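Report on one structure; see the data block that follows.
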Amino acid sequence: MGGVLVVGNLGYVGPVLMDHLVESSEGELLGFDAGFFSDGFIADQQDRMPVKCKQLYGDVRNLGGEIFEGIDSVVYLAALSNDPIGKEFESATFDINRASALNCAKLAKERGVKSFVFASSCSIYGAGGDEMRKEDAQLAPQTAYAHSKVGAEGDLKQLAGRDFTVTCLRFATACGFSPNMRLDLVVNDFVASAISIKSIKVLSDGSPWRPLIHVKDMARAIDWGISRSQDSGGAFLAVNVGRAENNFQIKDLANVVAKIMPGVNVNINQSAMPDTRSYRVDFSLFSELAPGCELTFGLPEIVDDLYANLTDIGFSDAGFRSGPMIRLNHLRRLIADGLLSSDLYWCGEQSLSAPVGRS
């Protein structure tokens with residue numbers, strides 16, 4: 001069995017996926033990452049990735065074809081991964097999330113890779129309202145991040161064929177504990193606030209809908225995508241990935257978290273401008289195509305997981321929204337320190353602009 005290459009393996013989802021694939025994959029497991037967030041690993045877990053897999057460092061915008069030697073499957077996680085980052089770094093967002101995904105897939109196909117899994121997003125439904133969105137629903141991306149995912153899906157569809165299976169997993173909003181933690185995700189933010197200040201502040205009017213998925217369930221779905229037969233969805237598949245019961249309005253989500261964690265107040269900004277990023281999502285196609293890939297985390301399990309792990313590491317930072325677990329803050333700090341350029345390339349001796357040898 002050939003190896004698996006995970007592009008963007010040192011972020012939030014990647015470490016959880018690599019842990020999963022170490023157990024389920026028989027071939028070589030290789031990671032490739034620019035290292036923007038590689039110093040964000042929680043202290044007692046920071047050495048896990050190099051031990052458990054072979055690691056390449058480099059900028060995906062300068063990806064070379066040589067790294068696909070011996071690789072059968074590629075997972076493309078690399079992305080500037082939320083709306084505030086996309087707004088501030090729009091050009092880099094399209095370069096990394098779309099153009100580089102296409103280039104990676106082209107190089108992979110040329111080198112004989114059989115399976116390409118792309119981490120897409122339900123955010124492409126944008127102003128979806130209360131109606132359940134299936135895969136054939138009209139797309140209404142509202143942000144640079146969402147537009148980049150729509151464009152990448154369209155590009156990748158053109159490459160799919162009998163010998164090159166492309167799977168675009170339209171993930172619900174990620175949440176849950178990771179060795180490289182993010183707190184700029186709605187559930188993670190709410191639980192962190194509940195722990196640190198016993199209060200959840202909802203900046204919107206609370207009406208937008210969000211579907212949720214735990215990072216461990218994302219890893220299970222990606223593993224399914226790696227081995228997916230074209231009998232299950234064809235040469236190209238774009239499929240919503242999540243659980244039907246994990247569709248929540250933001251206000252209800254906050255109240256459920258507060259109920260699970262007693263003594264927490266919820267403050268909703270009733271006078272806020274409407275947030276057009278609202279979408280309920282239908283996940284029945286994934287359930288049909290992947291009956292053996294059970295997604296196990298409901299909201300109570302997600303909150304319990306976050307609470308247990310954050311308290312275990314001693315998290316209590318009431319000012320976390322100004323800290324490095326907010327990805328935009330971390331990128332701004334690297335730029336201010338002269339380590340990254342304004343278009344997010346490493347500077348000087350920190351440069352990772354070209355792939356290096358496998359470690």
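Residue names in the structure tokens use chain letters A, B, ... in the order shown, residue numbers from 1 in each chain, and ligand numbers from 1 in the order shown.
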**Request:** Excluding Gly314 of chain A and any residue of its chain fewer than 2 positions from it, enumerate the residues within 12 Å of it, using only C-alpha atoms, and give them as a ChimeraX atom specification.
**Result:** /A:42-43,192,195-196,307-312,316-317
Deliver the residues from the most recent selection as a file, using N, CA, C and O atoms, as a PDB file, in the first residue's frame.
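Everything below was put into out.pdb:
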```
ATOM      1  N   ILE A  42       0.555  22.531  22.277  1.00  0.00           N
ATOM      2  CA  ILE A  42       0.535  22.532  23.729  1.00  0.00           C
ATOM      3  C   ILE A  42       1.787  21.839  24.226  1.00  0.00           C
ATOM      4  O   ILE A  42       2.220  20.822  23.681  1.00  0.00           O
ATOM      5  N   ALA A  43       2.393  22.389  25.268  1.00  0.00           N
ATOM      6  CA  ALA A  43       3.767  22.068  25.650  1.00  0.00           C
ATOM      7  C   ALA A  43       4.062  20.583  25.722  1.00  0.00           C
ATOM      8  O   ALA A  43       5.054  20.116  25.164  1.00  0.00           O
ATOM      9  N   ALA A 192     -14.142  28.214  26.131  1.00  0.00           N
ATOM     10  CA  ALA A 192     -13.021  28.937  26.729  1.00  0.00           C
ATOM     11  C   ALA A 192     -13.519  30.109  27.568  1.00  0.00           C
ATOM     12  O   ALA A 192     -13.004  30.377  28.664  1.00  0.00           O
ATOM     13  N   ILE A 195     -15.078  28.824  30.821  1.00  0.00           N
ATOM     14  CA  ILE A 195     -14.067  28.420  31.797  1.00  0.00           C
ATOM     15  C   ILE A 195     -13.404  29.643  32.425  1.00  0.00           C
ATOM     16  O   ILE A 195     -13.231  29.722  33.646  1.00  0.00           O
ATOM     17  N   SER A 196     -13.026  30.609  31.599  1.00  0.00           N
ATOM     18  CA  SER A 196     -12.158  31.692  32.064  1.00  0.00           C
ATOM     19  C   SER A 196     -12.896  32.837  32.753  1.00  0.00           C
ATOM     20  O   SER A 196     -12.370  33.439  33.695  1.00  0.00           O
ATOM     21  N   TYR A 307     -13.959  21.026  27.740  1.00  0.00           N
ATOM     22  CA  TYR A 307     -13.833  21.385  29.153  1.00  0.00           C
ATOM     23  C   TYR A 307     -12.755  20.538  29.834  1.00  0.00           C
ATOM     24  O   TYR A 307     -11.881  21.057  30.535  1.00  0.00           O
ATOM     25  N   ALA A 308     -12.809  19.231  29.624  1.00  0.00           N
ATOM     26  CA  ALA A 308     -11.851  18.340  30.284  1.00  0.00           C
ATOM     27  C   ALA A 308     -10.419  18.645  29.873  1.00  0.00           C
ATOM     28  O   ALA A 308      -9.518  18.721  30.723  1.00  0.00           O
ATOM     29  N   ASN A 309     -10.209  18.844  28.578  1.00  0.00           N
ATOM     30  CA  ASN A 309      -8.846  19.043  28.100  1.00  0.00           C
ATOM     31  C   ASN A 309      -8.307  20.435  28.403  1.00  0.00           C
ATOM     32  O   ASN A 309      -7.130  20.594  28.742  1.00  0.00           O
ATOM     33  N   LEU A 310      -9.149  21.453  28.288  1.00  0.00           N
ATOM     34  CA  LEU A 310      -8.687  22.804  28.603  1.00  0.00           C
ATOM     35  C   LEU A 310      -8.381  22.952  30.094  1.00  0.00           C
ATOM     36  O   LEU A 310      -7.385  23.588  30.472  1.00  0.00           O
ATOM     37  N   THR A 311      -9.211  22.371  30.937  1.00  0.00           N
ATOM     38  CA  THR A 311      -8.908  22.449  32.367  1.00  0.00           C
ATOM     39  C   THR A 311      -7.689  21.598  32.711  1.00  0.00           C
ATOM     40  O   THR A 311      -6.897  21.966  33.590  1.00  0.00           O
ATOM     41  N   ASP A 312      -7.506  20.500  31.993  1.00  0.00           N
ATOM     42  CA  ASP A 312      -6.346  19.637  32.246  1.00  0.00           C
ATOM     43  C   ASP A 312      -5.028  20.357  31.958  1.00  0.00           C
ATOM     44  O   ASP A 312      -4.028  20.118  32.638  1.00  0.00           O
ATOM     45  N   SER A 316      -6.926  29.208  31.716  1.00  0.00           N
ATOM     46  CA  SER A 316      -7.745  30.132  32.504  1.00  0.00           C
ATOM     47  C   SER A 316      -7.619  31.570  31.986  1.00  0.00           C
ATOM     48  O   SER A 316      -7.950  32.505  32.701  1.00  0.00           O
ATOM     49  N   ASP A 317      -7.163  31.736  30.761  1.00  0.00           N
ATOM     50  CA  ASP A 317      -6.819  33.045  30.226  1.00  0.00           C
ATOM     51  C   ASP A 317      -8.063  33.838  29.828  1.00  0.00           C
ATOM     52  O   ASP A 317      -8.656  33.590  28.782  1.00  0.00           O
TER      53      ASP A 317
END
```
**Message:** Would you pick out the contacts of Asn103 of chain A at 12 Å or less, using only C-alpha atoms, so that residues sharing its chain but fewer than 2 positions from it are not included, and give the list as a count of residues only?
**Reply:** 24
**Request:** Skip Ala254 of chain A itself and residues of its chain fewer than 2 positions away, then list as a list in words all residues within 7 Å of it, counting only C-alpha atoms.
**Result:** Phe190, Ile200, Ile250, Lys251, Asp252, Val256, Val257, Ala258 and Val266 of chain A
If DSSP is run on the backbone, what residues of segment 78-326 of chain A are helix (DSSP H, G or I)? A reply as a compact mmCIF listing (two decimals) with N, CA and C atoms, in the first residue's frame would be ideal.
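Dumped everything to states18.txt:
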```
# COMPACT_ATOMS: atom_id res chain seq x y z
N ASP A 83 -12.60 33.64 8.33
CA ASP A 83 -13.02 34.85 7.61
C ASP A 83 -12.18 36.08 7.96
N PRO A 84 -11.83 36.33 9.23
CA PRO A 84 -10.98 37.50 9.52
C PRO A 84 -9.62 37.43 8.84
N ILE A 85 -9.01 36.25 8.79
CA ILE A 85 -7.73 36.11 8.11
C ILE A 85 -7.91 36.33 6.61
N GLY A 86 -8.98 35.77 6.05
CA GLY A 86 -9.25 35.95 4.62
C GLY A 86 -9.44 37.41 4.26
N LYS A 87 -10.06 38.16 5.14
CA LYS A 87 -10.28 39.59 4.88
C LYS A 87 -8.97 40.35 4.91
N GLU A 88 -8.10 40.05 5.86
CA GLU A 88 -6.84 40.77 6.01
C GLU A 88 -5.78 40.32 5.00
N GLU A 90 -6.28 38.61 1.79
CA GLU A 90 -7.14 38.05 0.75
C GLU A 90 -6.34 37.40 -0.37
N SER A 91 -5.28 38.06 -0.83
CA SER A 91 -4.49 37.49 -1.92
C SER A 91 -3.86 36.17 -1.52
N ALA A 92 -3.26 36.11 -0.33
CA ALA A 92 -2.65 34.87 0.14
C ALA A 92 -3.70 33.78 0.36
N THR A 93 -4.90 34.18 0.77
CA THR A 93 -5.98 33.21 0.95
C THR A 93 -6.29 32.50 -0.35
N PHE A 94 -6.42 33.24 -1.44
CA PHE A 94 -6.71 32.60 -2.73
C PHE A 94 -5.51 31.81 -3.23
N ASP A 95 -4.29 32.32 -2.99
CA ASP A 95 -3.10 31.60 -3.44
C ASP A 95 -2.96 30.25 -2.75
N ILE A 96 -3.19 30.23 -1.43
CA ILE A 96 -2.98 29.00 -0.66
C ILE A 96 -4.19 28.08 -0.73
N ASN A 97 -5.37 28.65 -0.57
CA ASN A 97 -6.58 27.82 -0.49
C ASN A 97 -7.05 27.30 -1.83
N ARG A 98 -6.80 28.08 -2.90
CA ARG A 98 -7.30 27.66 -4.21
C ARG A 98 -6.18 27.32 -5.19
N ALA A 99 -5.35 28.30 -5.55
CA ALA A 99 -4.35 28.07 -6.60
C ALA A 99 -3.39 26.96 -6.22
N SER A 100 -2.94 26.95 -4.98
CA SER A 100 -1.98 25.93 -4.57
C SER A 100 -2.63 24.56 -4.42
N ALA A 101 -3.91 24.53 -4.07
CA ALA A 101 -4.62 23.25 -4.03
C ALA A 101 -4.68 22.64 -5.43
N LEU A 102 -4.97 23.46 -6.42
CA LEU A 102 -5.02 22.98 -7.80
C LEU A 102 -3.65 22.51 -8.26
N ASN A 103 -2.62 23.30 -7.97
CA ASN A 103 -1.27 22.90 -8.38
C ASN A 103 -0.84 21.60 -7.71
N CYS A 104 -1.17 21.47 -6.42
CA CYS A 104 -0.85 20.24 -5.69
C CYS A 104 -1.53 19.04 -6.34
N ALA A 105 -2.79 19.19 -6.69
CA ALA A 105 -3.53 18.09 -7.31
C ALA A 105 -2.97 17.74 -8.68
N LYS A 106 -2.60 18.76 -9.47
CA LYS A 106 -2.01 18.49 -10.78
C LYS A 106 -0.71 17.71 -10.65
N LEU A 107 0.16 18.15 -9.74
CA LEU A 107 1.43 17.46 -9.54
C LEU A 107 1.19 16.04 -9.05
N ALA A 108 0.24 15.88 -8.15
CA ALA A 108 -0.06 14.55 -7.63
C ALA A 108 -0.55 13.63 -8.73
N LYS A 109 -1.44 14.12 -9.57
CA LYS A 109 -1.97 13.30 -10.65
C LYS A 109 -0.86 12.91 -11.62
N GLU A 110 0.00 13.86 -11.95
CA GLU A 110 1.12 13.58 -12.86
C GLU A 110 2.04 12.51 -12.30
N CYS A 122 -18.66 23.98 4.65
CA CYS A 122 -20.08 24.32 4.51
C CYS A 122 -20.29 25.83 4.44
N SER A 123 -19.27 26.62 4.73
CA SER A 123 -19.41 28.07 4.64
C SER A 123 -19.70 28.53 3.23
N ILE A 124 -19.50 27.66 2.25
CA ILE A 124 -19.79 28.04 0.86
C ILE A 124 -21.28 28.28 0.64
N TYR A 125 -22.14 27.78 1.56
CA TYR A 125 -23.58 28.02 1.43
C TYR A 125 -23.95 29.43 1.87
N ALA A 144 -13.98 35.90 1.50
CA ALA A 144 -12.86 35.44 0.67
C ALA A 144 -12.56 33.97 0.95
N TYR A 145 -12.62 33.58 2.22
CA TYR A 145 -12.38 32.18 2.58
C TYR A 145 -13.37 31.26 1.86
N ALA A 146 -14.65 31.59 1.93
CA ALA A 146 -15.67 30.75 1.30
C ALA A 146 -15.53 30.76 -0.21
N HIS A 147 -15.25 31.92 -0.81
CA HIS A 147 -15.04 31.99 -2.26
C HIS A 147 -13.85 31.12 -2.68
N SER A 148 -12.80 31.10 -1.86
CA SER A 148 -11.62 30.29 -2.22
C SER A 148 -11.96 28.81 -2.24
N LYS A 149 -12.83 28.38 -1.35
CA LYS A 149 -13.22 26.97 -1.32
C LYS A 149 -14.11 26.62 -2.51
N VAL A 150 -15.02 27.52 -2.87
CA VAL A 150 -15.86 27.29 -4.05
C VAL A 150 -14.99 27.16 -5.29
N GLY A 151 -14.05 28.09 -5.46
CA GLY A 151 -13.17 28.06 -6.62
C GLY A 151 -12.33 26.80 -6.67
N ALA A 152 -11.80 26.39 -5.53
CA ALA A 152 -10.97 25.19 -5.49
C ALA A 152 -11.77 23.96 -5.88
N GLU A 153 -12.99 23.84 -5.38
CA GLU A 153 -13.83 22.69 -5.76
C GLU A 153 -14.02 22.63 -7.28
N GLY A 154 -14.32 23.78 -7.88
CA GLY A 154 -14.52 23.81 -9.33
C GLY A 154 -13.28 23.42 -10.10
N ASP A 155 -12.12 23.91 -9.64
CA ASP A 155 -10.86 23.56 -10.29
C ASP A 155 -10.56 22.07 -10.19
N LEU A 156 -10.74 21.54 -9.00
CA LEU A 156 -10.40 20.13 -8.77
C LEU A 156 -11.31 19.19 -9.53
N LYS A 157 -12.55 19.60 -9.74
CA LYS A 157 -13.49 18.76 -10.49
C LYS A 157 -12.98 18.47 -11.89
N VAL A 186 -16.33 28.91 16.99
CA VAL A 186 -17.43 29.34 17.85
C VAL A 186 -17.58 28.51 19.12
N VAL A 187 -17.61 27.19 19.03
CA VAL A 187 -17.80 26.39 20.24
C VAL A 187 -16.57 26.49 21.13
N ASN A 188 -15.39 26.43 20.54
CA ASN A 188 -14.17 26.54 21.32
C ASN A 188 -14.12 27.86 22.07
N ASP A 189 -14.53 28.94 21.41
CA ASP A 189 -14.59 30.26 22.03
C ASP A 189 -15.57 30.25 23.21
N PHE A 190 -16.74 29.68 23.00
CA PHE A 190 -17.76 29.69 24.06
C PHE A 190 -17.29 28.92 25.28
N VAL A 191 -16.70 27.76 25.07
CA VAL A 191 -16.24 26.95 26.21
C VAL A 191 -15.07 27.64 26.90
N ALA A 192 -14.14 28.21 26.13
CA ALA A 192 -13.02 28.94 26.73
C ALA A 192 -13.52 30.11 27.57
N SER A 193 -14.53 30.82 27.07
CA SER A 193 -15.11 31.94 27.83
C SER A 193 -15.79 31.44 29.09
N ALA A 194 -16.51 30.34 28.96
CA ALA A 194 -17.20 29.78 30.12
C ALA A 194 -16.22 29.40 31.22
N ILE A 195 -15.08 28.82 30.82
CA ILE A 195 -14.07 28.42 31.80
C ILE A 195 -13.40 29.64 32.43
N SER A 196 -13.03 30.61 31.60
CA SER A 196 -12.16 31.69 32.06
C SER A 196 -12.90 32.84 32.75
N ILE A 197 -14.11 33.14 32.29
CA ILE A 197 -14.82 34.29 32.87
C ILE A 197 -16.26 33.97 33.27
N VAL A 215 -13.16 17.64 15.58
CA VAL A 215 -11.97 17.34 14.77
C VAL A 215 -11.70 15.84 14.65
N LYS A 216 -12.07 15.07 15.65
CA LYS A 216 -11.88 13.62 15.55
C LYS A 216 -12.82 13.02 14.52
N ASP A 217 -14.02 13.56 14.42
CA ASP A 217 -14.94 13.11 13.38
C ASP A 217 -14.46 13.56 12.00
N MET A 218 -13.84 14.72 11.92
CA MET A 218 -13.23 15.15 10.66
C MET A 218 -12.16 14.16 10.22
N ALA A 219 -11.35 13.71 11.17
CA ALA A 219 -10.30 12.74 10.84
C ALA A 219 -10.89 11.44 10.30
N ARG A 220 -11.98 10.99 10.90
CA ARG A 220 -12.63 9.76 10.42
C ARG A 220 -13.14 9.93 8.99
N ALA A 221 -13.73 11.09 8.73
CA ALA A 221 -14.26 11.34 7.39
C ALA A 221 -13.15 11.43 6.35
N ILE A 222 -12.04 12.05 6.72
CA ILE A 222 -10.91 12.15 5.80
C ILE A 222 -10.35 10.77 5.49
N ASP A 223 -10.25 9.94 6.51
CA ASP A 223 -9.77 8.57 6.30
C ASP A 223 -10.69 7.84 5.33
N TRP A 224 -12.00 8.03 5.47
CA TRP A 224 -12.94 7.45 4.51
C TRP A 224 -12.68 7.99 3.11
N GLY A 225 -12.45 9.30 2.99
CA GLY A 225 -12.20 9.91 1.69
C GLY A 225 -10.95 9.38 1.02
N ILE A 226 -9.94 9.10 1.81
CA ILE A 226 -8.68 8.56 1.27
C ILE A 226 -8.93 7.24 0.54
N SER A 227 -9.73 6.39 1.11
CA SER A 227 -9.94 5.05 0.55
C SER A 227 -11.24 4.92 -0.24
N ALA A 244 -26.68 15.75 11.48
CA ALA A 244 -27.90 16.54 11.38
C ALA A 244 -28.25 17.23 12.70
N GLU A 245 -28.05 16.51 13.81
CA GLU A 245 -28.42 17.07 15.11
C GLU A 245 -27.46 18.14 15.59
N ASN A 246 -26.38 18.36 14.86
CA ASN A 246 -25.41 19.38 15.24
C ASN A 246 -25.59 20.69 14.48
N ILE A 250 -26.71 30.20 16.77
CA ILE A 250 -25.65 30.62 17.68
C ILE A 250 -26.19 30.85 19.10
N LYS A 251 -27.35 31.47 19.21
CA LYS A 251 -27.92 31.75 20.54
C LYS A 251 -28.23 30.46 21.27
N ASP A 252 -28.76 29.47 20.56
CA ASP A 252 -29.07 28.19 21.19
C ASP A 252 -27.80 27.44 21.57
N LEU A 253 -26.81 27.54 20.72
CA LEU A 253 -25.52 26.92 20.99
C LEU A 253 -24.94 27.47 22.29
N ALA A 254 -24.95 28.80 22.43
CA ALA A 254 -24.43 29.43 23.65
C ALA A 254 -25.19 28.98 24.87
N ASN A 255 -26.51 28.90 24.76
CA ASN A 255 -27.32 28.50 25.90
C ASN A 255 -27.11 27.04 26.28
N VAL A 256 -26.91 26.18 25.29
CA VAL A 256 -26.63 24.77 25.58
C VAL A 256 -25.29 24.63 26.30
N VAL A 257 -24.26 25.35 25.82
CA VAL A 257 -22.96 25.31 26.50
C VAL A 257 -23.10 25.77 27.94
N ALA A 258 -23.86 26.87 28.15
CA ALA A 258 -24.04 27.38 29.50
C ALA A 258 -24.80 26.40 30.39
N LYS A 259 -25.74 25.66 29.80
CA LYS A 259 -26.49 24.68 30.57
C LYS A 259 -25.61 23.51 30.99
N ILE A 260 -24.72 23.10 30.08
CA ILE A 260 -23.81 22.00 30.38
C ILE A 260 -22.78 22.42 31.43
N SER A 284 -27.28 13.96 4.78
CA SER A 284 -27.78 12.63 4.48
C SER A 284 -26.96 11.92 3.41
N LEU A 285 -26.41 12.65 2.45
CA LEU A 285 -25.63 12.00 1.40
C LEU A 285 -24.39 11.34 1.98
N PHE A 286 -23.71 12.02 2.90
CA PHE A 286 -22.53 11.41 3.52
C PHE A 286 -22.92 10.14 4.27
N SER A 287 -24.02 10.19 5.00
CA SER A 287 -24.48 9.01 5.74
C SER A 287 -24.76 7.85 4.80
N GLU A 288 -25.29 8.18 3.62
CA GLU A 288 -25.61 7.15 2.62
C GLU A 288 -24.35 6.55 2.01
N LEU A 289 -23.38 7.40 1.68
CA LEU A 289 -22.18 6.93 0.99
C LEU A 289 -21.16 6.30 1.94
N LEU A 299 -23.13 17.70 20.58
CA LEU A 299 -22.70 18.88 21.32
C LEU A 299 -22.30 18.59 22.77
N PRO A 300 -23.05 17.78 23.52
CA PRO A 300 -22.60 17.50 24.89
C PRO A 300 -21.21 16.87 24.95
N GLU A 301 -20.94 15.94 24.03
CA GLU A 301 -19.61 15.30 24.00
C GLU A 301 -18.53 16.29 23.60
N ILE A 302 -18.86 17.20 22.68
CA ILE A 302 -17.90 18.22 22.26
C ILE A 302 -17.54 19.13 23.43
N VAL A 303 -18.56 19.60 24.15
CA VAL A 303 -18.32 20.49 25.28
C VAL A 303 -17.54 19.78 26.39
N ASP A 304 -17.91 18.53 26.68
CA ASP A 304 -17.19 17.76 27.70
C ASP A 304 -15.72 17.59 27.32
N ASP A 305 -15.47 17.30 26.05
CA ASP A 305 -14.10 17.13 25.55
C ASP A 305 -13.30 18.41 25.73
N LEU A 306 -13.87 19.53 25.33
CA LEU A 306 -13.17 20.81 25.46
C LEU A 306 -12.93 21.17 26.93
N TYR A 307 -13.96 21.03 27.74
CA TYR A 307 -13.83 21.38 29.15
C TYR A 307 -12.76 20.54 29.83
N ALA A 308 -12.81 19.23 29.62
CA ALA A 308 -11.85 18.34 30.28
C ALA A 308 -10.42 18.64 29.87
N ASN A 309 -10.21 18.84 28.58
CA ASN A 309 -8.85 19.04 28.10
C ASN A 309 -8.31 20.43 28.40
N LEU A 310 -9.15 21.45 28.29
CA LEU A 310 -8.69 22.80 28.60
C LEU A 310 -8.38 22.95 30.09
N THR A 311 -9.21 22.37 30.94
CA THR A 311 -8.91 22.45 32.37
C THR A 311 -7.69 21.60 32.71
N ASP A 312 -7.51 20.50 31.99
CA ASP A 312 -6.35 19.64 32.25
C ASP A 312 -5.03 20.36 31.96
N PHE A 320 -7.90 35.57 26.28
CA PHE A 320 -7.45 34.69 25.20
C PHE A 320 -7.72 35.25 23.82
N ARG A 321 -8.73 36.12 23.68
CA ARG A 321 -9.03 36.67 22.36
C ARG A 321 -7.92 37.59 21.84
N SER A 322 -7.01 37.97 22.72
CA SER A 322 -5.84 38.75 22.30
C SER A 322 -4.59 37.90 22.21
```
**Asked** Neighbours of Ala160 of chain A within 10 Å (only C-alpha atoms; same-chain residues fewer than 6 positions away dropped), as a list in words?
**Response** Ala105, Lys109, Lys114, Ser115, Phe116, Val166, Thr167, Gly234, Ala235, Phe236 and Leu237 of chain A
Selection file, all heavy atoms, as a short mmCIF file (atom, residue, chain, number, x, y, z; two decimals), in the first residue's frame:
```cif
data_model
loop_
_atom_site.label_atom_id
_atom_site.label_comp_id
_atom_site.auth_asym_id
_atom_site.auth_seq_id
_atom_site.Cartn_x
_atom_site.Cartn_y
_atom_site.Cartn_z
N ALA A 105 -2.79 19.19 -6.69
CA ALA A 105 -3.53 18.09 -7.31
C ALA A 105 -2.97 17.74 -8.68
O ALA A 105 -2.87 16.56 -9.04
CB ALA A 105 -5.01 18.46 -7.41
N LYS A 109 -1.44 14.12 -9.57
CA LYS A 109 -1.97 13.30 -10.65
C LYS A 109 -0.86 12.91 -11.62
O LYS A 109 -0.79 11.76 -12.07
CB LYS A 109 -3.08 14.06 -11.38
CG LYS A 109 -3.77 13.25 -12.47
CD LYS A 109 -4.93 14.03 -13.09
CE LYS A 109 -5.65 13.20 -14.15
NZ LYS A 109 -6.81 13.94 -14.75
N LYS A 114 -3.40 8.37 -6.64
CA LYS A 114 -4.73 7.86 -7.00
C LYS A 114 -5.88 8.61 -6.33
O LYS A 114 -6.98 8.68 -6.89
CB LYS A 114 -4.83 6.38 -6.62
CG LYS A 114 -3.77 5.50 -7.27
CD LYS A 114 -3.86 5.56 -8.79
CE LYS A 114 -2.84 4.62 -9.43
NZ LYS A 114 -2.82 4.77 -10.92
N SER A 115 -5.64 9.16 -5.14
CA SER A 115 -6.73 9.75 -4.36
C SER A 115 -6.32 11.11 -3.84
O SER A 115 -5.22 11.27 -3.27
CB SER A 115 -7.09 8.82 -3.19
OG SER A 115 -8.03 9.42 -2.34
N PHE A 116 -7.21 12.11 -4.00
CA PHE A 116 -6.95 13.46 -3.52
C PHE A 116 -8.15 13.92 -2.70
O PHE A 116 -9.28 13.95 -3.20
CB PHE A 116 -6.72 14.41 -4.69
CG PHE A 116 -6.23 15.78 -4.31
CD1 PHE A 116 -4.87 16.04 -4.25
CD2 PHE A 116 -7.11 16.81 -4.00
CE1 PHE A 116 -4.38 17.29 -3.89
CE2 PHE A 116 -6.64 18.07 -3.65
CZ PHE A 116 -5.28 18.31 -3.59
N VAL A 166 -11.18 12.38 -6.71
CA VAL A 166 -11.16 13.63 -5.95
C VAL A 166 -12.37 13.68 -5.03
O VAL A 166 -13.51 13.51 -5.48
CB VAL A 166 -11.17 14.86 -6.88
CG1 VAL A 166 -11.24 16.15 -6.07
CG2 VAL A 166 -9.91 14.86 -7.77
N THR A 167 -12.11 13.92 -3.76
CA THR A 167 -13.17 14.00 -2.76
C THR A 167 -13.07 15.34 -2.03
O THR A 167 -12.07 15.61 -1.36
CB THR A 167 -13.06 12.86 -1.74
OG1 THR A 167 -13.00 11.61 -2.42
CG2 THR A 167 -14.25 12.87 -0.79
N GLY A 234 -18.53 8.47 -7.36
CA GLY A 234 -17.94 8.84 -8.64
C GLY A 234 -16.52 9.34 -8.53
O GLY A 234 -15.92 9.40 -7.46
N ALA A 235 -15.96 9.72 -9.69
CA ALA A 235 -14.58 10.20 -9.74
C ALA A 235 -14.42 11.51 -8.98
O ALA A 235 -13.38 11.76 -8.36
CB ALA A 235 -14.14 10.38 -11.18
N PHE A 236 -15.44 12.35 -9.00
CA PHE A 236 -15.44 13.60 -8.24
C PHE A 236 -16.64 13.62 -7.32
O PHE A 236 -17.76 13.33 -7.74
CB PHE A 236 -15.49 14.83 -9.15
CG PHE A 236 -15.62 16.12 -8.39
CD1 PHE A 236 -14.49 16.75 -7.87
CD2 PHE A 236 -16.85 16.70 -8.16
CE1 PHE A 236 -14.60 17.92 -7.14
CE2 PHE A 236 -16.98 17.87 -7.44
CZ PHE A 236 -15.85 18.49 -6.93
N LEU A 237 -16.39 13.94 -6.06
CA LEU A 237 -17.48 14.02 -5.09
C LEU A 237 -17.27 15.24 -4.20
O LEU A 237 -16.20 15.44 -3.63
CB LEU A 237 -17.51 12.76 -4.21
CG LEU A 237 -18.49 12.78 -3.04
CD1 LEU A 237 -19.93 12.79 -3.55
CD2 LEU A 237 -18.25 11.58 -2.10
#
```
**Item:** Option closest in space to Val241 of chain A, from A:Arg327, A:Lys134, A:Gln158, A:Ser229 [counting only C-alpha atoms]
**Value:**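 Of all the options, A:Lys134 lies closest to Val241 of chain A.
Of note, atom CA of Cys53 of chain A and atom CA of Val22 of chain A are spaced 7.8 Å apart.
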**Request:** Point out the residue among A:His330, A:Arg170, A:Arg277, A:Arg162 with the least atom-to-atom distance to Gly206 of chain A, counting only C-alpha atoms.
**Result:**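 Closest to Gly206 of chain A, using only C-alpha atoms: A:Arg277.
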**Message:** Would you pick out the contacts of Gly2 of chain A at 8 Å or less, using only C-alpha atoms, so that residues sharing its chain but fewer than 5 positions from it are not included, and give the list as a list of chain:residue names?
**Reply:**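 Residues near the query, excluding close chain neighbours: A:Gly27, A:Glu28, A:Gly70, A:Ile71, A:Asp72, A:Ser73.
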**Prompt:** Which residue gives the smallest distance to Asp136 of chain A among A:Asp184, A:Cys293, A:Asn269, A:Val281, with only C-alpha atoms counted?
**Reply:**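 Between A:Asp184, A:Cys293, A:Asn269, A:Val281, the residue approaching Asp136 of chain A most closely is A:Val281.
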**Shell of 9 Å around Asn247 of chain A, only C-alpha atoms, local chain residues under 3 positions omitted, as a PyMOL selection string** = chain A and resi 172+209-212+242-244+279-281
**Message:** Residues near Phe41 of chain A, anyone? I mean within 12 Å using only C-alpha atoms, not counting same-chain ones fewer than 5 positions away, as a PyMOL selection string.
**Reply:** chain A and resi 10-16+35-36+46-49+177-182+313+324-325
**Asked** How many Å lie between atom CA of Glu69 of chain A and atom CA of Gly233 of chain A, rounded to one decimal?
**Response**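 Separation of atom CA of Glu69 of chain A and atom CA of Gly233 of chain A: 27.1 Å.
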**Message:** Report, in Å with one decimal, the straight-line distance from atom CA of Ile67 of chain A to atom CA of Gly8 of chain A.
**Reply:**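 According to the coordinates, atom CA of Ile67 of chain A and atom CA of Gly8 of chain A are separated by 13.8 Å.
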**Prompt:** If you run DSSP on the backbone, which residues of segment 138-292 of chain A are strand (DSSP E or B), as a ChimeraX atom specification?
**Reply:** /A:161,164-171,173-175,199-202,209-214,236-241,247-249,265-268,278-281
